[in-house]
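Engineer: Structure incoming, see below.
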Number of protein chains: 2
Amino acid sequence: MSKRDDLAEQATDHALEHGLIGLSLRPLAAALGTSDRMLLYHFGTKDDLVATLLRVSNDRSVAAVRALTPARDVRRAVRDLWRAMNTESLQRCQRMYVEAAALGLFGREPYATVVREANEVWIGAVADHLVASGVRRSRAVRATALLDAAYTGLMLDLPLDEGVPQQRQTVRDLVDAVAAVAQGSA
Amino acid sequence: MSKRDDLAEQATDHALEHGLIGLSLRPLAAALGTSDRMLLYHFGTKDDLVATLLRVSNDRSVAAVRALTPARDVRRAVRDLWRAMNTESLQRCQRMYVEAAALGLFGREPYATVVREANEVWIGAVADHLVASGVRRSRAVRATALLDAAYTGLMLDLPLDEGVPQQRQTVRDLVDAVAAVAQGSA
DNA sequence: GGACGAGTGTAGCGGGTGCTACATTTGTAG
DNA sequence: CTACAAATGTAGCACCCGCTACACTCGTCC
């Protein structure tokens with residue numbers, strides 16, 4: 001693995017832990033045992049570094065979803081997705097994605113562009129999982145849109161109240177809703 | 001209206017237009033025709049200023065929802081909410097809320113605290129609208145949780161693709177899902 | 001008129017930012 | 001051994017940040 005790739009992985013870990021928004025080169029470099037000088041040397045620009053981080057993080061998320069075994073029906077598929085997404089590591093990736101999306105909300109680059117790409121890939125992976133679990137493609141796309149929107153919203157509210165435990169009922173309702181869309185009962 | 005309140009309103013307008021994340025005192029003050037010195041004089045601290053902005057913005061959102069006429073059934077209630085939320089002004093408020101929530105994702109103050117407060121009030125207003133439209137309280141709370149999560153997620157994805165038009169199908173599915181929860185058919 | 005407090009302008013402090021210039025080390029190929 | 005390119009350290013530039021010290025102008029009350 002090239003030095004650059006190694007730094008990218010380490011930097012991604014650091015960003016996943018400390019957040020993307022306040023990220024700055026000197027503290028990051030210090031945490032990785034290198035210097036801002038070297039980060040710029042390898043990545044050219046802070047924006048390029050950040051874009052790389054986001055892609056690495058997204059690749060991890062997508063890999064985790066694609067590694068799921070297809071389920072016997074939609075409900076199980078959605079529940080499996082939910083369980084995977086609540087993994088410590090995947091939750092961090094999603095959290096950083098949310099940060100990036102917020103940074104891109106007003107069109108700021110490179111966030112807007114990278115988030116657009118990442119979202120497309122991610123949506124594709126989730127939809128594929130539903131398809132592999134027996135959902136018709138067109139239905140799967142619709143179901144994924146709903147599922148992803150709700151999941152992202154829940155992620156954003158996570159630090160509020162008691163977080164996950166209190167969301168259980170919402171998740172049950174969400175599973176029902178996604179299943180309804182996927183099965184075309186509506 | 002006190003000078004301070006006036007500045008708070010103007011500053012809120014500015015933040016709603018230019019985003020919360022890059023906000024800094026000098027450009028903000030210049031845009032309002034004053035100086036950073038005066039902002040600090042009136043608000044004490046940038047954090048206090050930001051907290052005030054967020055409260056003003058949230059108050060506007062909540063007022064807009066509370067001004068809605070109760071609907072004849074859940075579906076109409078949800079569609080009215082969706083239409084209200086897609087008002088230019090309300091969308092901006094929601095967008096800034098999302099920024100604040102992202103800033104608070106890692107516990108950063110004052111964002112985390114203010115977002116928690118704002119969310120509570122906002123959820124209450126939406127739930128009340130559902131109740132006023134004939135939904136049982138306990139059902140309304142569940143339906144609101146789902147509705148709010150999905151709506152926030154959609155907001156975050158808005159800058160992607162073509163935005164609202166492409167979300168129409170998702171919104172239809174969401175209306176069905178919320179109605180299902182509210183009517184207790186599940 | 002004189003004291004006083006609210007409001008405001010000017011200047012600047014200390015520190016962080018992304019990034020760069022320059023010199024140096026290190027590894028490798030001829 | 002030499003030559004050259006990749007990798008790295010040191011120092012610093014120009015700029016932005018939140019915030020503050022100090023002086024000054026007012027309007028108001030005694």
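If you're wondering about the labels, chains in the structure tokens are A, B, ... by order shown, residues count from 1 in each chain, ligands from 1 in order shown.
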Would you list the contacts of DA3 in chain C as a list in words, taking every protein, DNA or RNA residue within 12 Å and counting only C-alpha atoms (C1' of nucleotides), but skipping same-chain residues closer than 5 positions in sequence?

Structural biologist: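 Non-adjacent residues within range: DT28, DC29 and DC30 of chain D.
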
Engineer: Give me the residues within 10 Å of DG9 in chain C as a compact mmCIF listing (two decimals) with all heavy atoms, in the first residue's frame, counting only C-alpha atoms (C1' of nucleotides) and dropping any in the same chain fewer than 4 places off.

Structural biologist:
# COMPACT_ATOMS: atom_id res chain seq x y z
N SER B 35 -20.77 46.61 12.93
CA SER B 35 -19.41 46.08 13.11
C SER B 35 -19.44 44.87 14.03
O SER B 35 -20.38 44.70 14.81
CB SER B 35 -18.49 47.14 13.69
OG SER B 35 -18.90 47.47 15.00
N ARG B 37 -17.70 44.45 16.46
CA ARG B 37 -17.70 45.06 17.78
C ARG B 37 -19.10 45.19 18.36
O ARG B 37 -19.36 44.89 19.54
CB ARG B 37 -17.02 46.42 17.66
CG ARG B 37 -17.03 47.30 18.86
CD ARG B 37 -16.19 46.72 19.96
NE ARG B 37 -16.31 47.58 21.13
CZ ARG B 37 -17.41 47.67 21.86
NH1 ARG B 37 -18.45 46.95 21.53
NH2 ARG B 37 -17.46 48.46 22.90
N MET B 38 -20.05 45.63 17.55
CA MET B 38 -21.41 45.86 18.02
C MET B 38 -22.15 44.54 18.24
O MET B 38 -22.92 44.40 19.19
CB MET B 38 -22.18 46.73 17.03
CG MET B 38 -21.75 48.18 17.07
SD MET B 38 -21.43 48.76 18.75
CE MET B 38 -23.06 48.69 19.47
P DA D 23 -7.53 55.63 27.06
OP1 DA D 23 -6.21 56.21 27.37
OP2 DA D 23 -8.50 55.36 28.14
O5' DA D 23 -8.24 56.54 25.96
C5' DA D 23 -7.81 56.45 24.61
C4' DA D 23 -8.92 56.93 23.69
O4' DA D 23 -9.95 55.92 23.64
C3' DA D 23 -9.60 58.22 24.16
O3' DA D 23 -9.70 59.13 23.08
C2' DA D 23 -10.97 57.76 24.66
C1' DA D 23 -11.21 56.54 23.79
N9 DA D 23 -12.12 55.55 24.39
C8 DA D 23 -12.03 55.00 25.64
N7 DA D 23 -12.99 54.15 25.90
C5 DA D 23 -13.76 54.13 24.75
C6 DA D 23 -14.93 53.43 24.40
N6 DA D 23 -15.53 52.58 25.21
N1 DA D 23 -15.43 53.65 23.17
C2 DA D 23 -14.81 54.52 22.36
N3 DA D 23 -13.71 55.24 22.57
C4 DA D 23 -13.23 54.99 23.80
P DC D 24 -10.00 60.70 23.41
OP1 DC D 24 -9.08 61.50 22.58
OP2 DC D 24 -10.05 60.88 24.88
O5' DC D 24 -11.47 60.88 22.83
C5' DC D 24 -11.77 60.39 21.53
C4' DC D 24 -13.25 60.13 21.40
O4' DC D 24 -13.60 58.97 22.19
C3' DC D 24 -14.15 61.24 21.94
O3' DC D 24 -14.60 62.03 20.84
C2' DC D 24 -15.30 60.52 22.63
C1' DC D 24 -15.00 59.03 22.41
N1 DC D 24 -15.34 58.16 23.57
C2 DC D 24 -16.48 57.36 23.50
O2 DC D 24 -17.19 57.39 22.49
N3 DC D 24 -16.80 56.56 24.56
C4 DC D 24 -16.02 56.55 25.64
N4 DC D 24 -16.35 55.74 26.65
C5 DC D 24 -14.85 57.35 25.73
C6 DC D 24 -14.55 58.14 24.69
P DT D 25 -15.47 63.39 21.18
OP1 DT D 25 -15.09 64.38 20.15
OP2 DT D 25 -15.35 63.74 22.61
O5' DT D 25 -16.96 62.92 20.91
C5' DT D 25 -17.25 62.18 19.72
C4' DT D 25 -18.65 61.57 19.84
O4' DT D 25 -18.68 60.58 20.90
C3' DT D 25 -19.76 62.57 20.15
O3' DT D 25 -20.84 62.33 19.27
C2' DT D 25 -20.13 62.25 21.61
C1' DT D 25 -19.86 60.76 21.65
N1 DT D 25 -19.60 60.18 23.00
C2 DT D 25 -20.47 59.25 23.50
O2 DT D 25 -21.46 58.86 22.92
N3 DT D 25 -20.13 58.77 24.76
C4 DT D 25 -19.02 59.13 25.52
O4 DT D 25 -18.83 58.62 26.62
C5 DT D 25 -18.17 60.11 24.93
C7 DT D 25 -16.95 60.58 25.67
C6 DT D 25 -18.48 60.59 23.71

Engineer: Taking 2 positions as the minimum chain separation for residues in the same chain, which residues sit within 12 Å of DT2 in chain D when counting only C-alpha atoms (C1' of nucleotides)? Answer as a PyMOL selection string.

Structural biologist: (chain C and resi 28-30) or (chain D and resi 4)

Engineer: Given a cut-off of 12 Å, which residues of chain D touch chain B, counting only C-alpha atoms (C1' of nucleotides), written out as a list in words?

Structural biologist: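 Every residue of chain D that passes the 12 Å test is in DC16, DC17, DG18, DC19 and DT20 of chain D.
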
Engineer: Could you find all residues in range 9-41 of chain A that DSSP calls alpha helix (DSSP H) from the backbone, and write them as a PyMOL selection string?

Structural biologist: chain A and resi 9-18+25-31+36-41

Engineer: What are the closest atom pairs, with distances in Å to one decimal, for each residue of chain B lying within 6 Å of chain A, using only C-alpha atoms, rows by chain and rising residue number, as CSV?

Structural biologist:
residue,atom,partner,partner_atom,distance
B:Glu99,CA,A:Ala102,CA,5.3
B:Ala102,CA,A:Glu99,CA,5.3
B:Arg116,CA,A:Leu160,CA,5.6
B:Leu146,CA,A:Thr170,CA,5.9
B:Ala149,CA,A:Gly153,CA,4.1
B:Ala150,CA,A:Ala150,CA,3.8
B:Thr152,CA,A:Gly153,CA,5.0
B:Gly153,CA,A:Ala149,CA,4.1
B:Leu154,CA,A:Ala149,CA,5.3
B:Leu160,CA,A:Arg116,CA,5.6
B:Thr170,CA,A:Leu146,CA,5.9
B:Ala177,CA,A:Ala177,CA,5.1

Engineer: Keeping only N, CA, C and O atoms, take the residues you just selected and write them out as a compact mmCIF listing (two decimals), in the first residue's frame.

Structural biologist:
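Just written: selection-v9.txt:
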# COMPACT_ATOMS: atom_id res chain seq x y z
N GLU B 99 -28.07 22.20 9.18
CA GLU B 99 -26.68 22.61 9.41
C GLU B 99 -26.34 22.58 10.89
O GLU B 99 -25.28 22.08 11.30
N ALA B 102 -25.98 19.11 12.16
CA ALA B 102 -24.71 18.52 11.76
C ALA B 102 -23.57 19.06 12.62
O ALA B 102 -22.68 18.32 13.03
N ARG B 116 -31.41 20.42 20.24
CA ARG B 116 -32.29 19.56 21.05
C ARG B 116 -33.57 20.31 21.42
O ARG B 116 -34.68 19.81 21.20
N LEU B 146 -41.80 9.57 12.30
CA LEU B 146 -41.49 9.06 10.96
C LEU B 146 -41.46 10.19 9.94
O LEU B 146 -40.52 10.31 9.14
N ALA B 149 -38.35 12.50 10.42
CA ALA B 149 -37.11 11.86 10.00
C ALA B 149 -37.00 11.86 8.48
O ALA B 149 -35.98 12.28 7.90
N ALA B 150 -38.07 11.42 7.83
CA ALA B 150 -38.03 11.34 6.37
C ALA B 150 -37.88 12.72 5.74
O ALA B 150 -37.11 12.92 4.80
N THR B 152 -36.54 15.42 7.05
CA THR B 152 -35.18 15.92 7.25
C THR B 152 -34.21 15.27 6.28
O THR B 152 -33.34 15.93 5.70
N GLY B 153 -34.36 13.97 6.08
CA GLY B 153 -33.51 13.27 5.14
C GLY B 153 -33.66 13.80 3.73
O GLY B 153 -32.68 14.02 3.01
N LEU B 154 -34.91 14.03 3.33
CA LEU B 154 -35.15 14.57 1.99
C LEU B 154 -34.51 15.94 1.85
O LEU B 154 -33.92 16.27 0.81
N LEU B 160 -29.04 17.41 -4.28
CA LEU B 160 -28.63 16.37 -5.22
C LEU B 160 -29.64 16.28 -6.35
O LEU B 160 -30.77 16.70 -6.22
N THR B 170 -41.52 9.85 -3.76
CA THR B 170 -41.15 9.56 -2.37
C THR B 170 -42.13 10.21 -1.41
O THR B 170 -42.52 9.60 -0.42
N ALA B 177 -47.33 6.19 4.16
CA ALA B 177 -46.75 5.57 5.35
C ALA B 177 -47.21 6.27 6.61
O ALA B 177 -47.61 5.61 7.59

Engineer: Select from chain C every residue with an atom at most 12 Å from any atom of chain A, then for each give the shortest pair of atoms and their distance in Å to one decimal, using only C-alpha atoms (C1' of nucleotides), rows by chain and rising number, as CSV.

Structural biologist:
residue,atom,partner,partner_atom,distance
C:DG16,C1',A:Ser24,CA,9.5
C:DT17,C1',A:Ser24,CA,7.8
C:DG18,C1',A:Lys46,CA,7.5
C:DC19,C1',A:Leu40,CA,8.2
C:DT20,C1',A:Arg37,CA,9.5

Engineer: Only C-alpha atoms (C1' of nucleotides), please: the residues just picked out, written as an mmCIF file, in the first residue's frame.

Structural biologist:
data_model
loop_
_atom_site.group_PDB
_atom_site.id
_atom_site.type_symbol
_atom_site.label_atom_id
_atom_site.label_comp_id
_atom_site.auth_asym_id
_atom_site.auth_seq_id
_atom_site.Cartn_x
_atom_site.Cartn_y
_atom_site.Cartn_z
ATOM 1 C "C1'" DG C 16 -5.333 29.405 13.919
ATOM 2 C "C1'" DT C 17 -5.699 28.639 8.770
ATOM 3 C "C1'" DG C 18 -4.187 26.760 4.052
ATOM 4 C "C1'" DC C 19 -0.309 26.908 1.624
ATOM 5 C "C1'" DT C 20 4.636 27.765 -0.088
#

Engineer: Write out as a VMD selection string the residues lying within 7 Å of range 69-74 of chain A, counting only C-alpha atoms (C1' of nucleotides) and excluding same-chain residues fewer than 4 positions away.

Structural biologist: chain A and resid 78 129 to 130 132 to 135 179

Engineer: Go ahead and write the residues just picked, all heavy atoms, as a PDB file, in the first residue's frame.

Structural biologist:
ATOM      1  N   VAL A  78     -34.863  -5.155   5.087  1.00  0.00           N
ATOM      2  CA  VAL A  78     -34.788  -3.830   5.704  1.00  0.00           C
ATOM      3  C   VAL A  78     -34.220  -3.925   7.103  1.00  0.00           C
ATOM      4  O   VAL A  78     -33.382  -3.107   7.510  1.00  0.00           O
ATOM      5  CB  VAL A  78     -36.177  -3.159   5.719  1.00  0.00           C
ATOM      6  CG1 VAL A  78     -36.122  -1.848   6.494  1.00  0.00           C
ATOM      7  CG2 VAL A  78     -36.657  -2.910   4.309  1.00  0.00           C
ATOM      8  N   HIS A 129     -29.555  -4.552  -2.740  1.00  0.00           N
ATOM      9  CA  HIS A 129     -29.833  -5.499  -1.659  1.00  0.00           C
ATOM     10  C   HIS A 129     -31.315  -5.852  -1.612  1.00  0.00           C
ATOM     11  O   HIS A 129     -31.672  -7.028  -1.431  1.00  0.00           O
ATOM     12  CB  HIS A 129     -29.385  -4.928  -0.314  1.00  0.00           C
ATOM     13  CG  HIS A 129     -29.659  -5.828   0.840  1.00  0.00           C
ATOM     14  ND1 HIS A 129     -29.028  -7.053   0.998  1.00  0.00           N
ATOM     15  CD2 HIS A 129     -30.508  -5.717   1.890  1.00  0.00           C
ATOM     16  CE1 HIS A 129     -29.470  -7.636   2.099  1.00  0.00           C
ATOM     17  NE2 HIS A 129     -30.372  -6.850   2.651  1.00  0.00           N
ATOM     18  N   LEU A 130     -32.154  -4.850  -1.807  1.00  0.00           N
ATOM     19  CA  LEU A 130     -33.596  -5.129  -1.816  1.00  0.00           C
ATOM     20  C   LEU A 130     -33.955  -6.019  -3.006  1.00  0.00           C
ATOM     21  O   LEU A 130     -34.741  -6.961  -2.875  1.00  0.00           O
ATOM     22  CB  LEU A 130     -34.395  -3.820  -1.860  1.00  0.00           C
ATOM     23  CG  LEU A 130     -34.305  -2.941  -0.611  1.00  0.00           C
ATOM     24  CD1 LEU A 130     -35.273  -1.767  -0.702  1.00  0.00           C
ATOM     25  CD2 LEU A 130     -34.567  -3.750   0.654  1.00  0.00           C
ATOM     26  N   ALA A 132     -32.010  -8.125  -4.537  1.00  0.00           N
ATOM     27  CA  ALA A 132     -31.506  -9.478  -4.259  1.00  0.00           C
ATOM     28  C   ALA A 132     -32.396 -10.207  -3.256  1.00  0.00           C
ATOM     29  O   ALA A 132     -32.396 -11.437  -3.186  1.00  0.00           O
ATOM     30  CB  ALA A 132     -30.072  -9.400  -3.737  1.00  0.00           C
ATOM     31  N   SER A 133     -33.165  -9.417  -2.489  1.00  0.00           N
ATOM     32  CA  SER A 133     -34.059 -10.032  -1.509  1.00  0.00           C
ATOM     33  C   SER A 133     -35.467 -10.205  -2.068  1.00  0.00           C
ATOM     34  O   SER A 133     -36.424 -10.414  -1.310  1.00  0.00           O
ATOM     35  CB  SER A 133     -34.096  -9.183  -0.233  1.00  0.00           C
ATOM     36  OG  SER A 133     -32.791  -9.042   0.302  1.00  0.00           O
ATOM     37  N   GLY A 134     -35.594 -10.067  -3.381  1.00  0.00           N
ATOM     38  CA  GLY A 134     -36.858 -10.421  -4.008  1.00  0.00           C
ATOM     39  C   GLY A 134     -37.774  -9.268  -4.369  1.00  0.00           C
ATOM     40  O   GLY A 134     -38.925  -9.484  -4.757  1.00  0.00           O
ATOM     41  N   VAL A 135     -37.291  -8.050  -4.257  1.00  0.00           N
ATOM     42  CA  VAL A 135     -38.140  -6.908  -4.588  1.00  0.00           C
ATOM     43  C   VAL A 135     -37.948  -6.548  -6.065  1.00  0.00           C
ATOM     44  O   VAL A 135     -36.834  -6.593  -6.581  1.00  0.00           O
ATOM     45  CB  VAL A 135     -37.789  -5.691  -3.713  1.00  0.00           C
ATOM     46  CG1 VAL A 135     -38.673  -4.504  -4.060  1.00  0.00           C
ATOM     47  CG2 VAL A 135     -37.909  -6.057  -2.243  1.00  0.00           C
ATOM     48  N   ALA A 179     -41.740  -1.886   3.493  1.00  0.00           N
ATOM     49  CA  ALA A 179     -42.293  -3.144   2.999  1.00  0.00           C
ATOM     50  C   ALA A 179     -43.534  -2.895   2.147  1.00  0.00           C
ATOM     51  O   ALA A 179     -43.712  -3.516   1.092  1.00  0.00           O
ATOM     52  CB  ALA A 179     -42.623  -4.058   4.181  1.00  0.00           C
TER      53      ALA A 179
END
